[in-house]
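Written out below as structure tokens is the structure these notes cover.
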Amino acid sequence: MSDTEATPVPENTSTTPTPENRATSPGNTANTPVPENTSTPPTPENTATTPVLENTPTPENRATSPTPGNTANTPVPQNTSTPPTTPALENKELKEEENVRATLDSKTEDNIRDTKDDQLTIPQVEIPEPESVLLSADSSTLSEISSMADETGQPLNMKWTYGFNARLPVLNLNDGKRRGTVVYASSHVAVIYDHLKHKQTILEGHMNKISAICCNGDRRWLVTADSGPQCCIIVWDTFTGIPVQTLFDVVEEGGSINSVTISWDAKYVAAITQANRSKLQIWDWTASCEPVASVELNSHYRGQGKLRFHEVDNHLMTSNSDSQVIFYSWVKGEVKFDAPVLNDSTFKKSIGLFVTTLFQMPPKDLVLTATSTGLVAVWSTPRAIQRKGILRSYRRRPMKLVQLSSKALTSLAQTAEGLIVCGDVTGQVKFYDSNLSLLYWLDNVKLGAISSISFDICDDHILGIADTNHSYPDDATIERFRFACATFTVSTYTGQLINYEPNGLKVTNMLCECHSALDIIAASPNKPLLCIGSKAGMLKVVDYNDKQATVTRMLPKNDAIHSLTFNHDSSLIGVGLSSGTTHILNAITLTTEATFQLSQQVISKMKFSHNSKYMATTDLGFSVTVFQAIEHENGNKEWRCIGRYKSHYDVINDMVFGVDEETDTCRLMTVGNDRNLVEYDLEGAESVLQNIRLRSIHRIEQSALPLSLEWMPPVMTESFLITSNSQYKMRLYNSTTKMCRYTYLAPTFGTPISKIKVVPALEGEDPSKDRLLCYATDTKIGVQMLPLDGSPHRSVAIIGHASGLSQIECSFDGKYIFAAGGNSSSVHMWSINRSALKSAALLGGEGLEPFYGLLTGGKEGALIKEIENFFYYAQIKSQGENTRDVREASDFIDLEQLPFVMRALGFYPSEQEIEDMLNEVKFKNYVKTSKYVNKINLPDFIKLYINHRPAFGLSIEELASAFQTLRSTAEGQTVNRNYFLHVLQQLGEHLTHEELAECLYSLLGKEIVEKIETYNSVELLDNEATTDITDPAHVMPDDISLKYFVTHLLGLDVNRRGDSV
């Protein structure tokens, strides 16, 4: 690679396609604008002439992407996955249109010649003008589209997000019309926030947490990227909020997108991805979804990020990691890069870590890199290249170091006039001229560590255009010139976002959020209030109707908040801390009303009773503590602890208060990983102070873990408790007897449902009809229609937090759902569209139609035929297989045949599961008729089979894990045969010797017969025992290995790992 190689300057051309004459691909029915590297944006007066590229653009004539004024004739893209085609295709289309017109003209002339009178029929050709939202859009379009989005037909619609990702830049969108508008990332969505109107437009499209965000020069085109499974890059139109292009498969599975950038004129998008090796890819995103150039970086260049285009030359880029800056040049698909060395020995000075890098505006041909020691490294073109007159080479060498701050620099930006702006870890923002001489600094704003600085692109700060009554401050030069620069926004790593207007030194606080994870929330039961807590100790109450914070309090940082709850009238808030401290706060002022230190473990959950007479907490020490409000004669209330009980021997997953329907007293229950449902005697605890007692303990699961617990709303004739478990099931238990009455297949979205909440009924609606249940998995939230039936069409789910969900809550009026992310500094708010949910359920069909899709082969598949055959064979068996009497076919089978049909279908339930199924059918109508049901018909049997069978079968990995559990009890890599048989006969559901023999005969029948025949053909010695010859256990080896257990005993293919059996 020669040092004289440099990026060629774009040549003047008269064939460069303009946005007005660019066509689209067949799949993309609308004409997406293709921003070109034009020296001046086309105007209505010059759209007929293709603009000419300047060889050396200046800041005043920098290339810009199409603006609303010059793009009025380009329609909205409909299929964002397919980009517009090249101009060659459009020329073809234009020729076809000319041919059509020529043909029509010739036909018209023929008609005129052949007509003998004055009556002529001349064909009229009307070519409709395409209507475009995308290119006729202006600053008001986004508001109109946002209003239209409020009426979307989706069951769940994101309405607001609290908090933002303070580690990513916040971009200023003010172009003179969109004042006070910024865009930032919040978990897996981007948010366009209009501060003056206090309105958010939420851009949804990513499946993972957004890892990079940037805008082009005129701030119209926004690019976002995420990192995780199926990560992608999306290009958005900020005028409309529409995604115009999505780039998939940009990195192999398991990789990530480190950084993404878009050129100043919006023609190219580039990204650095990280898999086994770092890779730079460049897309001409308006022409193709395939990269036009790419290059793999050496393995020691890992961690490259902060990718940035040259502001006037799209063929130059730079990126940096903590220890290496790389400069790139690409021409005709070939990428070259230079990675010069700069370390502490280069200038005999400590460099620190590289923060970010940018190109200086022309005529300067320098590159600046900020470091964590307050230095700026200046990179220049080698002299050998300069002497040849080559401009803007990718070959760079460190020229000098300039100390701009005594503290670590955290941000580096540049104004349209070429001023260099840096922010440091102390919150200082300083302005320098192109020679890095200090001009101005902010001294009237207290900020945290600066994350990003972004400027308006309007020119109202230019003194020749601005109002003569301006109030710009003086700069720091001897001449004391007016320091006139554009208004800018500053974001900090501590969650602050301000707008600074130099004209008058006006500072506006746009956002003040918490930079740490917002993972604890609580919703008021009677007011539009949401309490948000963080591990950093921040406690904030917001009014979600007005989207404003009402009160905020900072608790000690070394005492993280782990649980929150409102009381019944929203006058009190309970707060549980990591130190085991419990606070009861005034909900209006957040002042402390009571404090208890009764545990040394984290307070994991808190709940008030329906009348606020009791409050209960759980901690990670598996204990439950109950508090009672004691009312004195003067009307004051005092909170006292009335008992503490270590009621579980594993983690407590959920806790719920309820009301006894007969006595109207409070009931408290907890459920944990020990599979126990525990109820507490609250009334007995009042009579014996400091001594809470247990009313009952019921083991409600055999192998699954109960993950959540709620009271079922009155949609059924009985009072039920509803739980979700780790095996994708929802179960209903009678609230009095704790008997499992119903089991349903839960929504299956990646992971089991870990949290459930009953959505309150709408005001004025019947509380026993049209009720909903909201739920959360690891990353998704959803709503489920009640009552349950196992149909997948009565439920819907969307991504709640890509980085993990920690808690969900419902508004008191049943209109909204809130979700907090586990390690995300944001809380999302969704509205519930009940009509859309009902429509989705109706589209699923009635009766068995929604369930056929859950069976292999569907309605006409072999499995449904097999079910029918076994069902009717069970009738034959119950009537006697060898009888000669006339058989009576019916639509029912006896309940005693139910287990045999289930086993015949490959589902082998335990004795407890059989009892649950029989009870589900037997007591189905008992409350209404006081009679047992002894038969089941085919449709009910199919539903019962689908709801009770394992959701995903039994995987070989699960079998290996079960064997590992046995092996961990024994010694070595195998399990002794006698110990194995002992476990099967003595632990869990016991097997008798005859039952065990029957099972082994079924599995090893051929081997047993062969061994018996071998013994019969051999003469036994007098002292040789003959009693074990026919014992099937005698065929098994003394030590059972995993391979023998899986492949020999069970007969499974060990190579089919991950398959269900």
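By convention here, the chains of the structure tokens are called A, B, ... in the order presented, each chain's residues are numbered starting at 1, and ligands are numbered starting at 1 in the order presented.
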
Report task. Run DSSP on the backbone and give me the residues of range 553-749 of chain A it puts in alpha helix (DSSP H), as a ChimeraX atom specification. Result -> /A:682-687

Restricted to all heavy atoms, what would the selected residues look like written as a CSV table (one decimal), in the first residue's frame?
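Result written to selection01.csv:
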```
chain,number,residue,atom,x,y,z
A,682,LEU,N,-53.9,-14.2,59.8
A,682,LEU,CA,-53.7,-12.8,60.2
A,682,LEU,C,-54.5,-12.5,61.5
A,682,LEU,O,-54.1,-11.8,62.3
A,682,LEU,CB,-54.1,-11.9,59.1
A,682,LEU,CG,-53.3,-12.0,57.8
A,682,LEU,CD1,-53.8,-11.1,56.8
A,682,LEU,CD2,-51.8,-11.8,58.1
A,683,GLU,N,-55.7,-13.1,61.6
A,683,GLU,CA,-56.6,-12.8,62.7
A,683,GLU,C,-56.0,-13.4,64.0
A,683,GLU,O,-56.0,-12.8,65.0
A,683,GLU,CB,-58.0,-13.4,62.5
A,683,GLU,CG,-58.7,-12.8,61.2
A,683,GLU,CD,-58.8,-11.3,61.3
A,683,GLU,OE1,-59.1,-10.8,62.4
A,683,GLU,OE2,-58.7,-10.7,60.2
A,684,GLY,N,-55.4,-14.6,63.9
A,684,GLY,CA,-54.8,-15.1,65.1
A,684,GLY,C,-53.5,-14.3,65.5
A,684,GLY,O,-53.2,-14.3,66.7
A,685,ALA,N,-52.9,-13.7,64.6
A,685,ALA,CA,-51.7,-12.9,64.9
A,685,ALA,C,-52.0,-11.7,65.7
A,685,ALA,O,-51.2,-11.2,66.5
A,685,ALA,CB,-50.9,-12.5,63.6
A,686,GLU,N,-53.2,-11.1,65.5
A,686,GLU,CA,-53.7,-9.9,66.2
A,686,GLU,C,-53.8,-10.2,67.7
A,686,GLU,O,-53.5,-9.4,68.6
A,686,GLU,CB,-55.0,-9.4,65.7
A,686,GLU,CG,-54.8,-8.8,64.3
A,686,GLU,CD,-56.1,-8.2,63.8
A,686,GLU,OE1,-56.8,-7.6,64.7
A,686,GLU,OE2,-56.5,-8.3,62.6
A,687,SER,N,-54.3,-11.4,68.0
A,687,SER,CA,-54.6,-11.8,69.4
A,687,SER,C,-53.3,-12.1,70.2
A,687,SER,O,-53.2,-11.9,71.4
A,687,SER,CB,-55.6,-13.0,69.5
A,687,SER,OG,-55.0,-14.1,68.8
```

Got a sec: who's within 8 Å of range 662-678 of chain A, counting only C-alpha atoms, leaving out chain neighbours fewer than 5 positions off, as an mmCIF file with all heavy atoms, in the first residue's frame?
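Full text of part-v6.cif as output:
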```cif
data_model
loop_
_atom_site.group_PDB
_atom_site.id
_atom_site.type_symbol
_atom_site.label_atom_id
_atom_site.label_comp_id
_atom_site.auth_asym_id
_atom_site.auth_seq_id
_atom_site.Cartn_x
_atom_site.Cartn_y
_atom_site.Cartn_z
ATOM 1 N N SER A 609 -52.824 -4.687 52.258
ATOM 2 C CA SER A 609 -54.124 -5.345 52.146
ATOM 3 C C SER A 609 -55.127 -4.392 51.504
ATOM 4 O O SER A 609 -54.847 -3.202 51.311
ATOM 5 C CB SER A 609 -54.621 -5.802 53.517
ATOM 6 O OG SER A 609 -54.808 -4.684 54.374
ATOM 7 N N HIS A 610 -56.319 -4.912 51.201
ATOM 8 C CA HIS A 610 -57.312 -4.120 50.465
ATOM 9 C C HIS A 610 -57.778 -2.901 51.232
ATOM 10 O O HIS A 610 -58.249 -1.925 50.638
ATOM 11 C CB HIS A 610 -58.515 -5.008 50.113
ATOM 12 C CG HIS A 610 -59.364 -5.357 51.297
ATOM 13 N ND1 HIS A 610 -58.948 -6.238 52.276
ATOM 14 C CD2 HIS A 610 -60.610 -4.932 51.671
ATOM 15 C CE1 HIS A 610 -59.900 -6.350 53.190
ATOM 16 N NE2 HIS A 610 -60.925 -5.580 52.842
ATOM 17 N N SER A 647 -41.404 -19.126 56.331
ATOM 18 C CA SER A 647 -42.415 -20.087 55.907
ATOM 19 C C SER A 647 -42.012 -20.915 54.703
ATOM 20 O O SER A 647 -42.692 -21.883 54.364
ATOM 21 C CB SER A 647 -43.719 -19.342 55.588
ATOM 22 O OG SER A 647 -43.456 -18.261 54.705
ATOM 23 N N HIS A 648 -40.930 -20.558 54.034
ATOM 24 C CA HIS A 648 -40.470 -21.305 52.866
ATOM 25 C C HIS A 648 -39.010 -21.698 53.070
ATOM 26 O O HIS A 648 -38.292 -21.076 53.856
ATOM 27 C CB HIS A 648 -40.605 -20.469 51.587
ATOM 28 C CG HIS A 648 -42.023 -20.180 51.197
ATOM 29 N ND1 HIS A 648 -42.716 -20.938 50.285
ATOM 30 C CD2 HIS A 648 -42.883 -19.201 51.595
ATOM 31 C CE1 HIS A 648 -43.934 -20.442 50.126
ATOM 32 N NE2 HIS A 648 -44.066 -19.383 50.914
ATOM 33 N N TYR A 649 -38.583 -22.720 52.348
ATOM 34 C CA TYR A 649 -37.186 -23.093 52.395
ATOM 35 C C TYR A 649 -36.488 -22.804 51.064
ATOM 36 O O TYR A 649 -35.390 -23.279 50.814
ATOM 37 C CB TYR A 649 -37.011 -24.569 52.783
ATOM 38 C CG TYR A 649 -37.651 -25.572 51.853
ATOM 39 C CD1 TYR A 649 -36.987 -26.044 50.723
ATOM 40 C CD2 TYR A 649 -38.911 -26.082 52.123
ATOM 41 C CE1 TYR A 649 -37.555 -26.969 49.882
ATOM 42 C CE2 TYR A 649 -39.493 -27.015 51.293
ATOM 43 C CZ TYR A 649 -38.814 -27.455 50.171
ATOM 44 O OH TYR A 649 -39.391 -28.385 49.339
ATOM 45 N N ASP A 650 -37.123 -22.012 50.207
ATOM 46 C CA ASP A 650 -36.518 -21.546 48.964
ATOM 47 C C ASP A 650 -37.103 -20.172 48.646
ATOM 48 O O ASP A 650 -37.957 -19.673 49.378
ATOM 49 C CB ASP A 650 -36.779 -22.534 47.820
ATOM 50 C CG ASP A 650 -35.692 -22.483 46.754
ATOM 51 O OD1 ASP A 650 -35.003 -21.441 46.666
ATOM 52 O OD2 ASP A 650 -35.523 -23.474 46.013
ATOM 53 N N VAL A 651 -36.666 -19.588 47.553
ATOM 54 C CA VAL A 651 -37.041 -18.213 47.210
ATOM 55 C C VAL A 651 -38.552 -18.063 47.109
ATOM 56 O O VAL A 651 -39.239 -18.894 46.504
ATOM 57 C CB VAL A 651 -36.383 -17.802 45.877
ATOM 58 C CG1 VAL A 651 -36.846 -16.418 45.454
ATOM 59 C CG2 VAL A 651 -34.870 -17.839 46.003
ATOM 60 N N ILE A 652 -39.074 -17.003 47.712
ATOM 61 C CA ILE A 652 -40.500 -16.678 47.617
ATOM 62 C C ILE A 652 -40.721 -15.900 46.326
ATOM 63 O O ILE A 652 -40.165 -14.821 46.142
ATOM 64 C CB ILE A 652 -40.964 -15.860 48.834
ATOM 65 C CG1 ILE A 652 -40.725 -16.657 50.122
ATOM 66 C CG2 ILE A 652 -42.433 -15.479 48.702
ATOM 67 C CD1 ILE A 652 -41.030 -15.882 51.383
ATOM 68 N N ASN A 653 -41.529 -16.446 45.438
ATOM 69 C CA ASN A 653 -41.718 -15.842 44.119
ATOM 70 C C ASN A 653 -42.829 -14.808 44.072
ATOM 71 O O ASN A 653 -42.747 -13.864 43.285
ATOM 72 C CB ASN A 653 -42.000 -16.932 43.077
ATOM 73 C CG ASN A 653 -40.772 -17.751 42.759
ATOM 74 O OD1 ASN A 653 -39.650 -17.248 42.809
ATOM 75 N ND2 ASN A 653 -40.965 -19.020 42.455
ATOM 76 N N ASP A 654 -43.864 -14.975 44.874
ATOM 77 C CA ASP A 654 -44.967 -14.013 44.807
ATOM 78 C C ASP A 654 -45.756 -14.034 46.102
ATOM 79 O O ASP A 654 -45.704 -15.001 46.880
ATOM 80 C CB ASP A 654 -45.895 -14.307 43.629
ATOM 81 C CG ASP A 654 -46.520 -13.039 43.054
ATOM 82 O OD1 ASP A 654 -46.435 -11.982 43.715
ATOM 83 O OD2 ASP A 654 -47.079 -13.109 41.943
ATOM 84 N N MET A 655 -46.490 -12.943 46.307
ATOM 85 C CA MET A 655 -47.304 -12.777 47.503
ATOM 86 C C MET A 655 -48.559 -12.012 47.112
ATOM 87 O O MET A 655 -48.518 -11.111 46.270
ATOM 88 C CB MET A 655 -46.511 -11.999 48.562
ATOM 89 C CG MET A 655 -47.311 -11.618 49.799
ATOM 90 S SD MET A 655 -46.278 -10.797 51.040
ATOM 91 C CE MET A 655 -45.708 -9.360 50.132
ATOM 92 N N VAL A 656 -49.690 -12.374 47.732
ATOM 93 C CA VAL A 656 -50.940 -11.727 47.376
ATOM 94 C C VAL A 656 -51.857 -11.655 48.593
ATOM 95 O O VAL A 656 -51.910 -12.585 49.405
ATOM 96 C CB VAL A 656 -51.634 -12.485 46.212
ATOM 97 C CG1 VAL A 656 -52.012 -13.900 46.620
ATOM 98 C CG2 VAL A 656 -52.844 -11.732 45.699
ATOM 99 N N PHE A 657 -52.508 -10.498 48.736
ATOM 100 C CA PHE A 657 -53.579 -10.334 49.718
ATOM 101 C C PHE A 657 -54.911 -10.608 49.043
ATOM 102 O O PHE A 657 -55.090 -10.338 47.841
ATOM 103 C CB PHE A 657 -53.601 -8.915 50.282
ATOM 104 C CG PHE A 657 -52.715 -8.710 51.477
ATOM 105 C CD1 PHE A 657 -51.491 -8.076 51.355
ATOM 106 C CD2 PHE A 657 -53.115 -9.144 52.735
ATOM 107 C CE1 PHE A 657 -50.671 -7.870 52.454
ATOM 108 C CE2 PHE A 657 -52.310 -8.956 53.844
ATOM 109 C CZ PHE A 657 -51.084 -8.317 53.704
ATOM 110 N N LEU A 694 -49.272 -19.963 60.713
ATOM 111 C CA LEU A 694 -49.640 -20.458 59.393
ATOM 112 C C LEU A 694 -50.998 -21.136 59.456
ATOM 113 O O LEU A 694 -51.277 -21.908 60.365
ATOM 114 C CB LEU A 694 -48.597 -21.453 58.877
ATOM 115 C CG LEU A 694 -47.151 -20.949 58.781
ATOM 116 C CD1 LEU A 694 -46.279 -22.011 58.134
ATOM 117 C CD2 LEU A 694 -47.061 -19.646 58.029
ATOM 118 N N ARG A 695 -51.812 -20.840 58.466
ATOM 119 C CA ARG A 695 -53.126 -21.479 58.390
ATOM 120 C C ARG A 695 -53.050 -22.779 57.611
ATOM 121 O O ARG A 695 -53.706 -23.758 57.967
ATOM 122 C CB ARG A 695 -54.130 -20.520 57.742
ATOM 123 C CG ARG A 695 -55.520 -21.097 57.570
ATOM 124 C CD ARG A 695 -56.508 -20.045 57.093
ATOM 125 N NE ARG A 695 -56.737 -19.027 58.131
ATOM 126 C CZ ARG A 695 -57.530 -17.976 57.957
ATOM 127 N NH1 ARG A 695 -58.138 -17.796 56.791
ATOM 128 N NH2 ARG A 695 -57.688 -17.110 58.927
ATOM 129 N N SER A 696 -52.255 -22.804 56.540
ATOM 130 C CA SER A 696 -52.160 -24.042 55.745
ATOM 131 C C SER A 696 -50.920 -23.974 54.874
ATOM 132 O O SER A 696 -50.425 -22.899 54.524
ATOM 133 C CB SER A 696 -53.405 -24.237 54.871
ATOM 134 O OG SER A 696 -53.500 -23.202 53.908
ATOM 135 N N ILE A 697 -50.412 -25.154 54.513
ATOM 136 C CA ILE A 697 -49.331 -25.306 53.543
ATOM 137 C C ILE A 697 -49.738 -26.403 52.569
ATOM 138 O O ILE A 697 -50.068 -27.511 52.985
ATOM 139 C CB ILE A 697 -47.993 -25.680 54.225
ATOM 140 C CG1 ILE A 697 -47.570 -24.620 55.230
ATOM 141 C CG2 ILE A 697 -46.901 -25.877 53.180
ATOM 142 C CD1 ILE A 697 -46.278 -24.960 55.947
ATOM 143 N N HIS A 698 -49.720 -26.077 51.287
ATOM 144 C CA HIS A 698 -50.097 -27.046 50.257
ATOM 145 C C HIS A 698 -48.998 -27.089 49.195
ATOM 146 O O HIS A 698 -48.579 -26.044 48.699
ATOM 147 C CB HIS A 698 -51.421 -26.669 49.591
ATOM 148 C CG HIS A 698 -52.618 -26.845 50.464
ATOM 149 N ND1 HIS A 698 -53.022 -25.902 51.385
ATOM 150 C CD2 HIS A 698 -53.506 -27.883 50.565
ATOM 151 C CE1 HIS A 698 -54.102 -26.332 52.012
ATOM 152 N NE2 HIS A 698 -54.412 -27.530 51.540
ATOM 153 N N ARG A 699 -48.553 -28.295 48.882
ATOM 154 C CA ARG A 699 -47.617 -28.465 47.768
ATOM 155 C C ARG A 699 -48.440 -28.520 46.487
ATOM 156 O O ARG A 699 -49.227 -29.441 46.279
ATOM 157 C CB ARG A 699 -46.798 -29.743 47.942
ATOM 158 C CG ARG A 699 -45.702 -29.913 46.891
ATOM 159 C CD ARG A 699 -44.883 -31.166 47.171
ATOM 160 N NE ARG A 699 -43.877 -31.398 46.152
ATOM 161 C CZ ARG A 699 -42.646 -30.895 46.163
ATOM 162 N NH1 ARG A 699 -42.279 -30.114 47.180
ATOM 163 N NH2 ARG A 699 -41.780 -31.160 45.202
ATOM 164 N N ILE A 700 -48.264 -27.538 45.632
ATOM 165 C CA ILE A 700 -49.154 -27.391 44.482
ATOM 166 C C ILE A 700 -48.521 -27.831 43.168
ATOM 167 O O ILE A 700 -49.208 -27.869 42.144
ATOM 168 C CB ILE A 700 -49.638 -25.929 44.348
ATOM 169 C CG1 ILE A 700 -48.450 -24.975 44.162
ATOM 170 C CG2 ILE A 700 -50.479 -25.530 45.551
ATOM 171 C CD1 ILE A 700 -48.866 -23.554 43.871
ATOM 172 N N GLU A 701 -47.224 -28.145 43.166
ATOM 173 C CA GLU A 701 -46.571 -28.609 41.947
ATOM 174 C C GLU A 701 -45.700 -29.816 42.272
ATOM 175 O O GLU A 701 -45.190 -29.950 43.388
ATOM 176 C CB GLU A 701 -45.704 -27.506 41.320
ATOM 177 C CG GLU A 701 -46.473 -26.298 40.813
ATOM 178 C CD GLU A 701 -47.163 -26.554 39.481
ATOM 179 O OE1 GLU A 701 -47.024 -27.682 38.947
ATOM 180 O OE2 GLU A 701 -47.841 -25.642 38.980
ATOM 181 N N GLN A 702 -45.516 -30.666 41.264
ATOM 182 C CA GLN A 702 -44.623 -31.810 41.417
ATOM 183 C C GLN A 702 -43.228 -31.500 40.896
ATOM 184 O O GLN A 702 -42.241 -31.616 41.613
ATOM 185 C CB GLN A 702 -45.182 -33.021 40.671
ATOM 186 C CG GLN A 702 -46.202 -33.806 41.458
ATOM 187 C CD GLN A 702 -46.532 -35.116 40.782
ATOM 188 O OE1 GLN A 702 -46.914 -35.151 39.619
ATOM 189 N NE2 GLN A 702 -46.377 -36.211 41.508
ATOM 190 N N ALA A 704 -42.744 -28.715 38.253
ATOM 191 C CA ALA A 704 -42.659 -27.316 37.833
ATOM 192 C C ALA A 704 -42.493 -26.403 39.036
ATOM 193 O O ALA A 704 -42.792 -26.776 40.176
ATOM 194 C CB ALA A 704 -43.906 -26.932 37.045
ATOM 195 N N LEU A 705 -42.031 -25.186 38.776
ATOM 196 C CA LEU A 705 -41.902 -24.180 39.821
ATOM 197 C C LEU A 705 -43.013 -23.151 39.647
ATOM 198 O O LEU A 705 -43.162 -22.574 38.563
ATOM 199 C CB LEU A 705 -40.541 -23.473 39.731
ATOM 200 C CG LEU A 705 -39.301 -24.336 39.893
ATOM 201 C CD1 LEU A 705 -38.047 -23.481 39.736
ATOM 202 C CD2 LEU A 705 -39.295 -25.044 41.235
ATOM 203 N N PRO A 706 -43.810 -22.889 40.664
ATOM 204 C CA PRO A 706 -44.815 -21.817 40.568
ATOM 205 C C PRO A 706 -44.113 -20.463 40.601
ATOM 206 O O PRO A 706 -43.370 -20.158 41.538
ATOM 207 C CB PRO A 706 -45.695 -22.036 41.798
ATOM 208 C CG PRO A 706 -44.816 -22.760 42.771
ATOM 209 C CD PRO A 706 -43.848 -23.579 41.974
ATOM 210 N N LEU A 707 -44.335 -19.631 39.594
ATOM 211 C CA LEU A 707 -43.595 -18.381 39.458
ATOM 212 C C LEU A 707 -44.386 -17.152 39.861
ATOM 213 O O LEU A 707 -43.791 -16.131 40.222
ATOM 214 C CB LEU A 707 -43.116 -18.225 38.004
ATOM 215 C CG LEU A 707 -42.237 -19.364 37.464
ATOM 216 C CD1 LEU A 707 -41.885 -19.098 36.013
ATOM 217 C CD2 LEU A 707 -40.989 -19.516 38.310
ATOM 218 N N SER A 708 -45.704 -17.204 39.805
ATOM 219 C CA SER A 708 -46.515 -16.029 40.133
ATOM 220 C C SER A 708 -47.855 -16.472 40.671
ATOM 221 O O SER A 708 -48.291 -17.611 40.451
ATOM 222 C CB SER A 708 -46.704 -15.127 38.902
ATOM 223 O OG SER A 708 -47.279 -15.856 37.839
ATOM 224 N N LEU A 709 -48.518 -15.550 41.348
ATOM 225 C CA LEU A 709 -49.776 -15.856 42.048
ATOM 226 C C LEU A 709 -50.683 -14.645 42.004
ATOM 227 O O LEU A 709 -50.226 -13.516 42.223
ATOM 228 C CB LEU A 709 -49.479 -16.243 43.501
ATOM 229 C CG LEU A 709 -50.666 -16.513 44.432
ATOM 230 C CD1 LEU A 709 -51.404 -17.775 43.994
ATOM 231 C CD2 LEU A 709 -50.171 -16.660 45.871
#
```

Need the shell around Ala746 in chain A: protein/DNA/RNA residues with any atom at most 10 Å away, counting only C-alpha atoms. Skip same-chain ones fewer than 2 positions apart. Format as a compact mmCIF listing (two decimals) with N, CA and C atoms, in the first residue's frame?
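Okay, this is what ended up in result-v3.txt:
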```
# COMPACT_ATOMS: atom_id res chain seq x y z
N SER A 724 -48.91 -19.20 37.45
CA SER A 724 -48.17 -19.59 36.25
C SER A 724 -46.94 -20.34 36.70
N ASN A 725 -46.52 -21.35 35.94
CA ASN A 725 -45.38 -22.14 36.37
C ASN A 725 -44.31 -22.21 35.29
N GLN A 727 -43.33 -24.55 33.47
CA GLN A 727 -43.58 -25.48 32.36
C GLN A 727 -44.67 -24.98 31.42
N TYR A 728 -44.79 -23.66 31.33
CA TYR A 728 -45.73 -23.01 30.41
C TYR A 728 -47.18 -23.39 30.67
N LYS A 729 -47.54 -23.47 31.94
CA LYS A 729 -48.92 -23.77 32.32
C LYS A 729 -49.45 -22.69 33.24
N MET A 730 -50.76 -22.47 33.15
CA MET A 730 -51.50 -21.67 34.12
C MET A 730 -52.48 -22.60 34.82
N ARG A 731 -52.51 -22.50 36.15
CA ARG A 731 -53.37 -23.39 36.93
C ARG A 731 -54.31 -22.57 37.80
N THR A 743 -56.15 -26.72 34.51
CA THR A 743 -54.80 -26.50 33.99
C THR A 743 -54.93 -26.07 32.53
N TYR A 744 -54.26 -25.00 32.18
CA TYR A 744 -54.33 -24.46 30.82
C TYR A 744 -52.93 -24.24 30.26
N THR A 748 -46.88 -19.12 24.99
CA THR A 748 -45.49 -19.61 24.87
C THR A 748 -44.71 -18.63 24.01
N PHE A 749 -44.08 -17.68 24.66
CA PHE A 749 -43.28 -16.67 23.97
C PHE A 749 -41.86 -16.69 24.53
N PRO A 752 -41.09 -19.08 30.08
CA PRO A 752 -42.36 -19.17 30.82
C PRO A 752 -42.78 -17.83 31.39
N ILE A 753 -44.07 -17.70 31.66
CA ILE A 753 -44.61 -16.49 32.26
C ILE A 753 -44.14 -16.41 33.71
N GLN A 784 -53.99 -11.41 28.19
CA GLN A 784 -54.72 -12.66 28.00
C GLN A 784 -56.17 -12.43 28.35
N LEU A 788 -59.78 -18.33 31.03
CA LEU A 788 -58.77 -19.06 30.27
C LEU A 788 -59.39 -20.27 29.58
N ASP A 789 -58.82 -20.65 28.44
CA ASP A 789 -59.22 -21.89 27.79
C ASP A 789 -58.06 -22.57 27.06
N GLY A 790 -56.88 -21.94 27.03
CA GLY A 790 -55.73 -22.52 26.36
C GLY A 790 -55.58 -22.12 24.91
N SER A 791 -56.53 -21.37 24.36
CA SER A 791 -56.45 -20.94 22.97
C SER A 791 -55.35 -19.90 22.79
N PRO A 792 -54.46 -20.09 21.81
CA PRO A 792 -53.40 -19.09 21.59
C PRO A 792 -53.90 -17.81 20.97
N SER A 795 -54.69 -14.40 23.26
CA SER A 795 -53.57 -13.76 23.93
C SER A 795 -52.68 -13.10 22.89
N ASN A 947 -54.02 -28.99 26.80
CA ASN A 947 -53.70 -28.16 27.97
C ASN A 947 -52.81 -28.87 28.98
N ALA A 951 -45.71 -28.70 27.11
CA ALA A 951 -45.83 -27.70 26.05
C ALA A 951 -44.86 -27.96 24.91
```

Query raised in the report: Contacts of Lys279 in chain A at 7 Å or less, counting only C-alpha atoms, minus same-chain residues fewer than 2 places along, as a VMD selection string?
Result: chain A and resid 272 to 274 277 281 295 to 297

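When only C-alpha atoms are used to compute distances to Arg395 in chain A, the closest of the residues A:Pro382, A:Pro767, A:Gly643, A:Gly814 turns out to be A:Pro382.
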
Requested in this report: List the neighbours of Ile213 in chain A out to 9 Å using only C-alpha atoms; skip same-chain residues closer than 3 positions along the sequence, and give me the result as a PyMOL selection string.
Outcome: chain A and resi 168-171+184-185+190+210+222-225+259-261
